[in-house]
$ cat coords16.txt   # compact mmCIF, C-alpha atoms
# COMPACT_ATOMS: atom_id res chain seq x y z
CA MET A 1 19.77 -25.35 -27.48
CA ARG A 2 16.84 -25.32 -29.88
CA LEU A 3 16.76 -25.78 -33.65
CA THR A 4 13.96 -24.07 -35.58
CA LEU A 5 13.46 -24.55 -39.30
CA LEU A 6 12.56 -21.20 -40.84
CA GLY A 7 12.68 -22.21 -44.49
CA THR A 8 12.91 -25.72 -45.93
CA GLY A 9 12.36 -24.85 -49.57
CA THR A 10 14.40 -25.14 -52.73
CA PRO A 11 14.89 -22.77 -55.69
CA ASN A 12 11.45 -23.96 -56.85
CA ALA A 13 8.98 -21.49 -55.29
CA GLU A 14 6.42 -23.28 -53.11
CA PRO A 15 3.72 -21.32 -51.25
CA ASP A 16 4.15 -23.27 -47.99
CA ARG A 17 7.96 -23.29 -47.90
CA MET A 18 10.24 -20.33 -47.57
CA GLY A 19 13.82 -20.35 -48.85
CA SER A 20 16.59 -22.12 -46.97
CA ALA A 21 17.08 -20.78 -43.45
CA LEU A 22 17.17 -22.08 -39.91
CA ALA A 23 17.70 -20.70 -36.43
CA ILE A 24 19.65 -22.16 -33.54
CA SER A 25 18.95 -20.53 -30.20
CA ASN A 26 20.43 -20.97 -26.75
CA GLY A 27 18.85 -18.68 -24.18
CA ASP A 28 19.16 -15.17 -25.58
CA ASP A 29 21.84 -16.22 -28.08
CA LEU A 30 20.67 -16.82 -31.64
CA VAL A 31 22.39 -17.64 -34.91
CA LEU A 32 20.80 -18.03 -38.31
CA ILE A 33 22.16 -20.29 -41.00
CA ASP A 34 21.26 -19.10 -44.49
CA ALA A 35 18.87 -16.32 -45.42
CA GLY A 36 16.52 -17.54 -48.09
CA PRO A 37 13.38 -15.63 -49.14
CA GLY A 38 11.00 -15.04 -46.22
CA VAL A 39 13.59 -15.46 -43.46
CA VAL A 40 12.56 -12.44 -41.37
CA ARG A 41 8.83 -13.11 -41.47
CA ARG A 42 9.35 -16.77 -40.63
CA ALA A 43 11.66 -15.82 -37.74
CA LEU A 44 9.05 -13.49 -36.30
CA GLN A 45 6.38 -16.13 -36.82
CA ALA A 46 8.56 -18.56 -34.85
CA GLY A 47 8.58 -16.14 -31.92
CA PHE A 48 12.01 -14.56 -32.26
CA ALA A 49 12.38 -10.84 -31.66
CA ALA A 50 13.68 -8.61 -34.43
CA GLN A 51 16.46 -7.49 -32.09
CA GLN A 52 17.80 -11.06 -32.05
CA LEU A 53 18.22 -11.25 -35.81
CA ASP A 54 21.78 -9.97 -35.98
CA THR A 55 23.99 -12.95 -36.89
CA VAL A 56 23.85 -15.15 -39.99
CA PHE A 57 26.16 -17.79 -41.44
CA LEU A 58 25.75 -18.50 -45.17
CA THR A 59 26.49 -21.98 -46.49
CA HIS A 60 27.05 -20.70 -50.04
CA LEU A 61 25.90 -17.96 -52.36
CA HIS A 62 23.07 -19.55 -54.34
CA SER A 63 20.11 -17.16 -54.40
CA ASP A 64 17.69 -19.49 -52.60
CA HIS A 65 20.02 -19.25 -49.59
CA THR A 66 20.75 -15.51 -49.83
CA ALA A 67 17.79 -13.71 -51.42
CA GLY A 68 16.45 -12.81 -47.97
CA LEU A 69 19.73 -11.24 -46.86
CA ALA A 70 18.70 -7.67 -47.72
CA ASP A 71 15.51 -8.21 -45.71
CA LEU A 72 17.52 -9.59 -42.77
CA TRP A 73 19.81 -6.57 -42.93
CA LEU A 74 17.25 -3.79 -43.40
CA THR A 75 13.98 -4.88 -41.78
CA PRO A 76 15.02 -5.65 -38.16
CA PRO A 77 16.39 -2.11 -37.59
CA VAL A 78 12.95 -0.75 -38.49
CA LEU A 79 11.58 -3.06 -35.76
CA GLY A 80 14.09 -2.08 -33.11
CA ARG A 81 17.43 -3.76 -33.77
CA THR A 82 20.15 -1.27 -32.83
CA GLY A 83 23.24 -3.33 -33.65
CA GLU A 84 24.74 -4.18 -37.02
CA LEU A 85 24.18 -7.41 -38.92
CA ARG A 86 27.08 -9.85 -38.56
CA LEU A 87 27.52 -11.87 -41.75
CA PHE A 88 29.76 -14.95 -41.92
CA GLY A 89 30.40 -17.41 -44.71
CA PRO A 90 32.71 -18.59 -47.47
CA PRO A 91 34.81 -16.30 -49.66
CA GLY A 92 32.41 -14.10 -51.58
CA VAL A 93 30.24 -12.95 -48.67
CA ALA A 94 32.18 -9.68 -48.36
CA ALA A 95 31.48 -8.85 -52.01
CA LEU A 96 27.83 -9.77 -51.46
CA GLY A 97 27.65 -7.41 -48.50
CA ASP A 98 29.38 -4.64 -50.44
CA GLY A 99 26.95 -5.14 -53.30
CA LEU A 100 23.99 -4.71 -50.97
CA TRP A 101 25.50 -1.49 -49.64
CA THR A 102 25.72 -0.19 -53.20
CA ALA A 103 22.26 -1.37 -54.19
CA TYR A 104 20.53 0.23 -51.20
CA GLN A 105 22.38 3.54 -50.99
CA ALA A 106 19.25 5.55 -51.79
CA ASP A 107 17.29 3.72 -49.10
CA LEU A 108 20.05 4.14 -46.51
CA ARG A 109 20.53 7.80 -47.34
CA GLU A 110 16.86 8.57 -46.88
CA ARG A 111 16.69 6.63 -43.60
CA SER A 112 19.77 8.33 -42.16
CA ASP A 113 19.23 11.87 -43.51
CA GLY A 114 15.45 12.00 -43.57
CA LEU A 115 12.88 12.17 -40.79
CA GLU A 116 12.71 8.44 -40.01
CA PRO A 117 13.55 7.97 -36.27
CA THR A 118 15.38 4.67 -36.72
CA ALA A 119 18.75 3.86 -35.12
CA VAL A 120 21.23 4.30 -37.96
CA ALA A 121 23.68 1.88 -36.30
CA GLY A 122 21.18 -0.91 -36.93
CA PHE A 123 21.87 -0.60 -40.65
CA GLY A 124 25.53 -1.53 -40.30
CA MET A 125 26.90 -4.77 -41.66
CA ASP A 126 30.12 -6.57 -40.77
CA SER A 127 31.19 -9.37 -43.13
CA THR A 128 33.63 -12.11 -42.15
CA GLU A 129 34.92 -14.61 -44.71
CA MET A 130 35.76 -17.95 -43.13
CA GLU A 131 38.10 -20.74 -44.15
CA PRO A 132 37.30 -24.42 -43.45
CA GLY A 133 37.92 -25.12 -39.78
CA ASP A 134 37.34 -21.52 -38.68
CA SER A 135 35.03 -20.97 -35.70
CA ALA A 136 33.00 -18.07 -34.37
CA GLN A 137 31.70 -17.73 -30.81
CA ILE A 138 28.26 -16.17 -30.46
CA GLY A 139 27.56 -16.05 -26.74
CA GLU A 140 27.47 -19.69 -25.63
CA ILE A 141 27.12 -20.95 -29.22
CA GLU A 142 30.21 -22.02 -31.17
CA VAL A 143 29.86 -22.29 -34.95
CA THR A 144 32.55 -24.09 -36.97
CA CYS A 145 32.54 -24.33 -40.75
CA PHE A 146 33.69 -27.21 -42.92
CA ALA A 147 33.99 -27.55 -46.68
CA SER A 148 31.13 -29.27 -48.51
CA ALA A 149 30.86 -30.30 -52.18
CA HIS A 150 28.44 -28.10 -54.09
CA GLY A 151 29.97 -27.12 -57.39
CA SER A 152 33.11 -25.22 -58.23
CA TRP A 153 32.83 -22.46 -55.61
CA PRO A 154 33.47 -22.59 -51.87
CA ALA A 155 30.48 -24.04 -50.05
CA TYR A 156 30.22 -24.87 -46.35
CA GLY A 157 28.38 -26.88 -43.79
CA TYR A 158 28.40 -25.97 -40.11
CA ARG A 159 28.79 -27.63 -36.72
CA VAL A 160 26.87 -25.64 -34.11
CA GLU A 161 27.77 -26.57 -30.54
CA THR A 162 26.80 -25.68 -26.98
CA ALA A 163 27.02 -27.60 -23.73
CA ALA A 164 23.65 -29.14 -24.64
CA GLY A 165 24.94 -30.89 -27.75
CA THR A 166 25.73 -30.48 -31.45
CA VAL A 167 23.65 -29.62 -34.50
CA VAL A 168 25.27 -30.28 -37.87
CA VAL A 169 23.91 -28.48 -40.94
CA SER A 170 25.00 -30.02 -44.23
CA GLY A 171 24.36 -27.08 -46.51
CA ASP A 172 23.83 -28.07 -50.13
CA THR A 173 26.27 -30.85 -50.87
CA ALA A 174 27.06 -34.07 -52.64
CA PRO A 175 28.76 -36.83 -50.63
CA TYR A 176 32.50 -36.34 -50.29
CA ASP A 177 35.51 -37.91 -48.60
CA GLY A 178 35.55 -36.99 -44.91
CA ILE A 179 31.82 -36.32 -44.60
CA GLU A 180 31.43 -38.80 -41.73
CA GLU A 181 34.07 -36.97 -39.69
CA ASN A 182 32.28 -33.64 -40.17
CA TYR A 183 28.97 -35.14 -39.10
CA ALA A 184 30.24 -37.25 -36.18
CA GLY A 185 28.60 -36.76 -32.81
CA ALA A 186 25.58 -34.84 -34.07
CA ALA A 187 22.50 -34.86 -31.88
CA ILE A 188 20.68 -33.49 -34.93
CA LEU A 189 21.86 -33.75 -38.52
CA VAL A 190 20.00 -31.33 -40.81
CA HIS A 191 20.55 -32.52 -44.35
CA GLU A 192 19.44 -31.67 -47.86
CA VAL A 193 18.16 -34.55 -49.98
CA TYR A 194 16.67 -35.45 -53.33
CA SER A 195 14.56 -38.44 -54.28
CA SER A 196 16.50 -41.09 -56.15
CA ALA A 197 13.27 -42.25 -57.82
CA GLY A 198 12.10 -38.73 -58.63
CA LEU A 199 15.41 -37.90 -60.30
CA LYS A 200 14.62 -40.42 -63.03
CA SER A 201 11.90 -38.10 -64.34
CA ARG A 202 14.36 -35.24 -64.89
CA PRO A 203 16.11 -34.45 -68.20
CA ALA A 204 19.58 -35.93 -68.58
CA ASP A 205 21.43 -32.64 -68.05
CA TRP A 206 19.57 -31.99 -64.81
CA ARG A 207 20.23 -35.56 -63.62
CA THR A 208 23.94 -34.97 -64.21
CA TYR A 209 23.81 -31.73 -62.24
CA HIS A 210 21.94 -33.06 -59.23
CA GLU A 211 24.03 -36.20 -58.99
CA ALA A 212 27.18 -34.04 -58.94
CA VAL A 213 26.19 -31.41 -56.34
CA HIS A 214 23.38 -32.82 -54.17
CA THR A 215 22.75 -35.91 -52.02
CA SER A 216 20.29 -38.61 -53.01
CA ALA A 217 18.03 -40.29 -50.45
CA SER A 218 19.92 -43.56 -50.78
CA GLU A 219 23.27 -41.78 -50.34
CA LEU A 220 21.95 -39.97 -47.28
CA GLY A 221 20.69 -43.25 -45.84
CA GLU A 222 24.15 -44.75 -46.13
CA ILE A 223 25.77 -41.68 -44.54
CA ALA A 224 23.29 -41.56 -41.67
CA ALA A 225 23.82 -45.27 -41.02
CA GLN A 226 27.50 -44.51 -40.51
CA VAL A 227 27.25 -41.39 -38.31
CA ARG A 228 24.06 -42.32 -36.36
CA PRO A 229 22.64 -38.90 -35.40
CA ARG A 230 20.03 -38.86 -32.65
CA LEU A 231 17.71 -37.31 -35.22
CA LEU A 232 17.96 -36.86 -38.98
CA VAL A 233 16.02 -33.80 -40.20
CA LEU A 234 15.41 -33.50 -43.93
CA THR A 235 15.34 -30.12 -45.61
CA HIS A 236 15.69 -28.66 -49.12
CA GLN A 237 13.81 -31.77 -50.29
CA LEU A 238 13.71 -32.19 -54.07
CA MET A 239 10.81 -34.54 -54.74
CA TRP A 240 9.84 -34.34 -58.44
CA GLY A 241 6.46 -35.98 -57.87
CA VAL A 242 7.53 -38.51 -55.24
CA SER A 243 5.57 -38.53 -51.97
CA GLU A 244 7.01 -37.65 -48.56
CA GLY A 245 6.58 -41.26 -47.46
CA ASP A 246 8.34 -42.62 -50.53
CA LEU A 247 11.32 -40.31 -49.99
CA VAL A 248 11.65 -41.41 -46.37
CA ASP A 249 11.36 -45.04 -47.48
CA GLU A 250 14.34 -44.53 -49.80
CA ILE A 251 16.43 -43.44 -46.80
CA GLU A 252 15.12 -46.19 -44.52
CA ARG A 253 16.41 -48.88 -46.85
CA TRP A 254 19.80 -47.97 -45.37
CA TYR A 255 19.10 -46.18 -42.11
CA ASP A 256 16.83 -47.29 -39.25
CA GLY A 257 17.13 -44.24 -36.99
CA PRO A 258 14.56 -41.47 -36.40
CA ILE A 259 13.83 -39.23 -39.40
CA VAL A 260 11.77 -36.04 -39.65
CA PHE A 261 10.62 -34.70 -43.00
CA GLY A 262 11.23 -31.04 -42.19
CA GLU A 263 8.54 -28.40 -42.56
CA ASP A 264 8.83 -24.66 -42.01
CA LEU A 265 8.58 -23.78 -38.28
CA ASP A 266 9.37 -27.28 -37.03
CA SER A 267 11.36 -26.98 -33.81
CA PHE A 268 13.55 -29.41 -31.86
CA GLU A 269 15.19 -29.24 -28.43
CA VAL A 270 18.71 -30.64 -28.65
CA GLY A 271 19.15 -31.36 -24.95
CA GLU A 272 16.08 -33.58 -24.89
CA LEU A 273 17.48 -35.74 -27.67
CA VAL A 274 20.83 -36.10 -25.87
CA GLU A 275 19.08 -37.06 -22.62
CA GLU A 276 16.94 -39.64 -24.42
CA GLY A 277 20.06 -41.15 -25.97
$ encode --input "coords16.txt" --output "structure tokens"
Amino acid sequence: MRLTLLGTGTPNAEPDRMGSALAISNGDDLVLIDAGPGVVRRALQAGFAAQQLDTVFLTHLHSDHTAGLADLWLTPPVLGRTGELRLFGPPGVAALGDGLWTAYQADLRERSDGLEPTAVAGFGMDSTEMEPGDSAQIGEIEVTCFASAHGSWPAYGYRVETAAGTVVVSGDTAPYDGIEENYAGAAILVHEVYSSAGLKSRPADWRTYHEAVHTSASELGEIAAQVRPRLLVLTHQLMWGVSEGDLVDEIERWYDGPIVFGEDLDSFEVGELVEEG
């Protein structure tokens, strides 16, 4: 099983970072988690075929995690995908899918009724709303959702498991009771983070917001010290002027395990980490 970071960015547009998205592949099986801006182009850049881009799990409905969903739905069929897009996530994903159907009716009508020789079935979409603890089996990959803490709406993290090991994706979240149980046994823990030092430069209302719905570097260090993943991969890094090294230092005050400051297109083989452990 391989983890590939497709987008490590935040709502703040950065030229070198696409919106939140990652891919977990196991042989021919592939699942995407989140569909931020640029997801399709990054996936193709990573070497995935358009035909593989047919299954996505959303952590929540913030736009930096979903703005690439229309692209993920509509572009791969043009490139040869013949099956529908399977969309999973918290309550609200069905309405999101329905809204896209409404928004793109003119496009779909022209593609299906006009001269374009594209497989119409590729423009289907099937939405499944999950409850915490629900699982979906995608080939040899099992994906199980758990509730995270990211505001007043339902937001999820995911455990992605094969025989090779487990990848846990935090989604956007603040620390919460039970987080260690959700993260236990991870070969790779992919986690959002913000700089504790950088937060001090933010206005008071933004400090209140981030402290309530995101995870600081020091908080993440304490969590990682408890769950001991084989590898901690940082994503959705909110820096506010702090350097990469300084952010990692904030975590290492609590946690002495291996840390990667995630960049778009970074890739990790899960089985190798399990064997090394």
$ residues_near_point --input "coords16.txt" --point "(29.0, -11.3, -51.6)" --cutoff "12 Å" --atoms "all atoms listed in the file" --output "list of chain:residue names"
A:Leu58, A:His60, A:Leu61, A:His62, A:Ser63, A:Thr66, A:Ala67, A:Leu69, A:Ala70, A:Leu87, A:Phe88, A:Gly89, A:Pro90, A:Pro91, A:Gly92, A:Val93, A:Ala94, A:Ala95, A:Leu96, A:Gly97, A:Asp98, A:Gly99, A:Leu100, A:Trp101, A:Thr102, A:Asp126, A:Ser127, A:Thr128, A:Glu129
$ closest_residue --input "coords16.txt" --among "A:Leu72, A:Ile223, A:Val270, A:Val160" --to "Glu140 of chain A" --atoms "only C-alpha atoms"
A:Val160
$ closest_residue --input "coords16.txt" --among "A:Thr235, A:Gln51, A:Ser152, A:Gln137" --to "Ala21 of chain A" --atoms "all atoms listed in the file"
A:Thr235
$ residues_around --input "coords16.txt" --residues "Val167 of chain A" --least-positions-apart "5" --cutoff "9 Å" --atoms "all atoms listed in the file" --output "MDAnalysis selection string"
chainID A and resid 3 24 158:161 183 185:190 270
$ axis_aligned_box --input "coords16.txt" --around "segment 263-268 of chain A" --padding-each-side "4 Å" --output "lines of an AutoDock Vina configuration file"
center_x = 11.0
center_y = -26.6
center_z = -37.2
size_x = 13.0
size_y = 13.6
size_z = 18.7
$ closest_residue --input "coords16.txt" --among "A:Asp54, A:Asp64, A:Glu14, A:Asp205" --to "Gly36 of chain A" --atoms "all atoms listed in the file"
A:Asp64
$ closest_residue --input "coords16.txt" --among "A:Gly47, A:Gly38, A:Pro77, A:Pro229" --to "Val120 of chain A" --atoms "all atoms listed in the file"
A:Pro77
$ closest_atom_pairs --input "coords16.txt" --of "segment 19-94 of chain A" --to "segment 251-266 of chain A" --cutoff "9 Å" --atoms "all atoms listed in the file" --output "JSON lines"
{"residue": "A:Leu22", "atom": "CA", "partner": "A:Leu265", "partner_atom": "CA", "distance": 8.9}
{"residue": "A:Arg42", "atom": "CA", "partner": "A:Leu265", "partner_atom": "CA", "distance": 7.4}
{"residue": "A:Ala43", "atom": "CA", "partner": "A:Leu265", "partner_atom": "CA", "distance": 8.6}
{"residue": "A:Gln45", "atom": "CA", "partner": "A:Leu265", "partner_atom": "CA", "distance": 8.1}
{"residue": "A:Ala46", "atom": "CA", "partner": "A:Leu265", "partner_atom": "CA", "distance": 6.2}
$ closest_residue --input "coords16.txt" --among "A:Val248, A:Ala204, A:Ala163, A:Ile141" --to "Asp29 of chain A" --atoms "all atoms listed in the file"
A:Ile141
$ closest_residue --input "coords16.txt" --among "A:Ser196, A:Asn12, A:Ser135, A:Thr55" --to "Val31 of chain A" --atoms "all atoms listed in the file"
A:Thr55
$ build_atoms --input "coords16.txt" --residues "segment 27-46 of chain A" --atoms "N, CA and C atoms" --output "mmCIF file, in the coordinates of the input"
data_model
loop_
_atom_site.group_PDB
_atom_site.id
_atom_site.type_symbol
_atom_site.label_atom_id
_atom_site.label_comp_id
_atom_site.auth_asym_id
_atom_site.auth_seq_id
_atom_site.Cartn_x
_atom_site.Cartn_y
_atom_site.Cartn_z
ATOM 1 N N GLY A 27 19.167 -19.837 -25.004
ATOM 2 C CA GLY A 27 18.850 -18.680 -24.180
ATOM 3 C C GLY A 27 18.610 -17.482 -25.067
ATOM 4 N N ASP A 28 19.303 -16.385 -24.769
ATOM 5 C CA ASP A 28 19.160 -15.170 -25.580
ATOM 6 C C ASP A 28 20.040 -15.187 -26.825
ATOM 7 N N ASP A 29 20.945 -16.151 -26.932
ATOM 8 C CA ASP A 29 21.840 -16.220 -28.080
ATOM 9 C C ASP A 29 21.113 -16.863 -29.265
ATOM 10 N N LEU A 30 21.338 -16.313 -30.441
ATOM 11 C CA LEU A 30 20.670 -16.820 -31.640
ATOM 12 C C LEU A 30 21.586 -16.667 -32.839
ATOM 13 N N VAL A 31 21.710 -17.732 -33.624
ATOM 14 C CA VAL A 31 22.390 -17.640 -34.910
ATOM 15 C C VAL A 31 21.446 -18.175 -35.979
ATOM 16 N N LEU A 32 21.511 -17.562 -37.134
ATOM 17 C CA LEU A 32 20.800 -18.030 -38.310
ATOM 18 C C LEU A 32 21.794 -18.676 -39.253
ATOM 19 N N ILE A 33 21.359 -19.710 -39.921
ATOM 20 C CA ILE A 33 22.160 -20.290 -41.000
ATOM 21 C C ILE A 33 21.342 -20.199 -42.275
ATOM 22 N N ASP A 34 21.858 -19.427 -43.204
ATOM 23 C CA ASP A 34 21.260 -19.100 -44.490
ATOM 24 C C ASP A 34 20.109 -18.109 -44.339
ATOM 25 N N ALA A 35 19.847 -17.413 -45.421
ATOM 26 C CA ALA A 35 18.870 -16.320 -45.420
ATOM 27 C C ALA A 35 18.087 -16.350 -46.718
ATOM 28 N N GLY A 36 17.345 -17.427 -46.905
ATOM 29 C CA GLY A 36 16.520 -17.540 -48.090
ATOM 30 C C GLY A 36 15.323 -16.601 -48.032
ATOM 31 N N PRO A 37 14.552 -16.504 -49.111
ATOM 32 C CA PRO A 37 13.380 -15.630 -49.140
ATOM 33 C C PRO A 37 12.429 -15.935 -47.978
ATOM 34 N N GLY A 38 11.954 -14.882 -47.312
ATOM 35 C CA GLY A 38 11.000 -15.040 -46.220
ATOM 36 C C GLY A 38 11.604 -15.230 -44.850
ATOM 37 N N VAL A 39 12.937 -15.109 -44.718
ATOM 38 C CA VAL A 39 13.590 -15.460 -43.460
ATOM 39 C C VAL A 39 13.105 -14.594 -42.299
ATOM 40 N N VAL A 40 12.942 -13.299 -42.490
ATOM 41 C CA VAL A 40 12.560 -12.440 -41.370
ATOM 42 C C VAL A 40 11.131 -12.744 -40.922
ATOM 43 N N ARG A 41 10.221 -12.853 -41.842
ATOM 44 C CA ARG A 41 8.830 -13.110 -41.470
ATOM 45 C C ARG A 41 8.680 -14.463 -40.795
ATOM 46 N N ARG A 42 9.395 -15.472 -41.286
ATOM 47 C CA ARG A 42 9.350 -16.770 -40.630
ATOM 48 C C ARG A 42 9.954 -16.689 -39.218
ATOM 49 N N ALA A 43 11.042 -15.946 -39.058
ATOM 50 C CA ALA A 43 11.660 -15.820 -37.740
ATOM 51 C C ALA A 43 10.709 -15.166 -36.749
ATOM 52 N N LEU A 44 10.016 -14.127 -37.172
ATOM 53 C CA LEU A 44 9.050 -13.490 -36.300
ATOM 54 C C LEU A 44 7.874 -14.418 -36.010
ATOM 55 N N GLN A 45 7.458 -15.162 -37.004
ATOM 56 C CA GLN A 45 6.380 -16.130 -36.820
ATOM 57 C C GLN A 45 6.782 -17.208 -35.820
ATOM 58 N N ALA A 46 8.068 -17.552 -35.784
ATOM 59 C CA ALA A 46 8.560 -18.560 -34.850
ATOM 60 C C ALA A 46 8.710 -18.020 -33.431
#
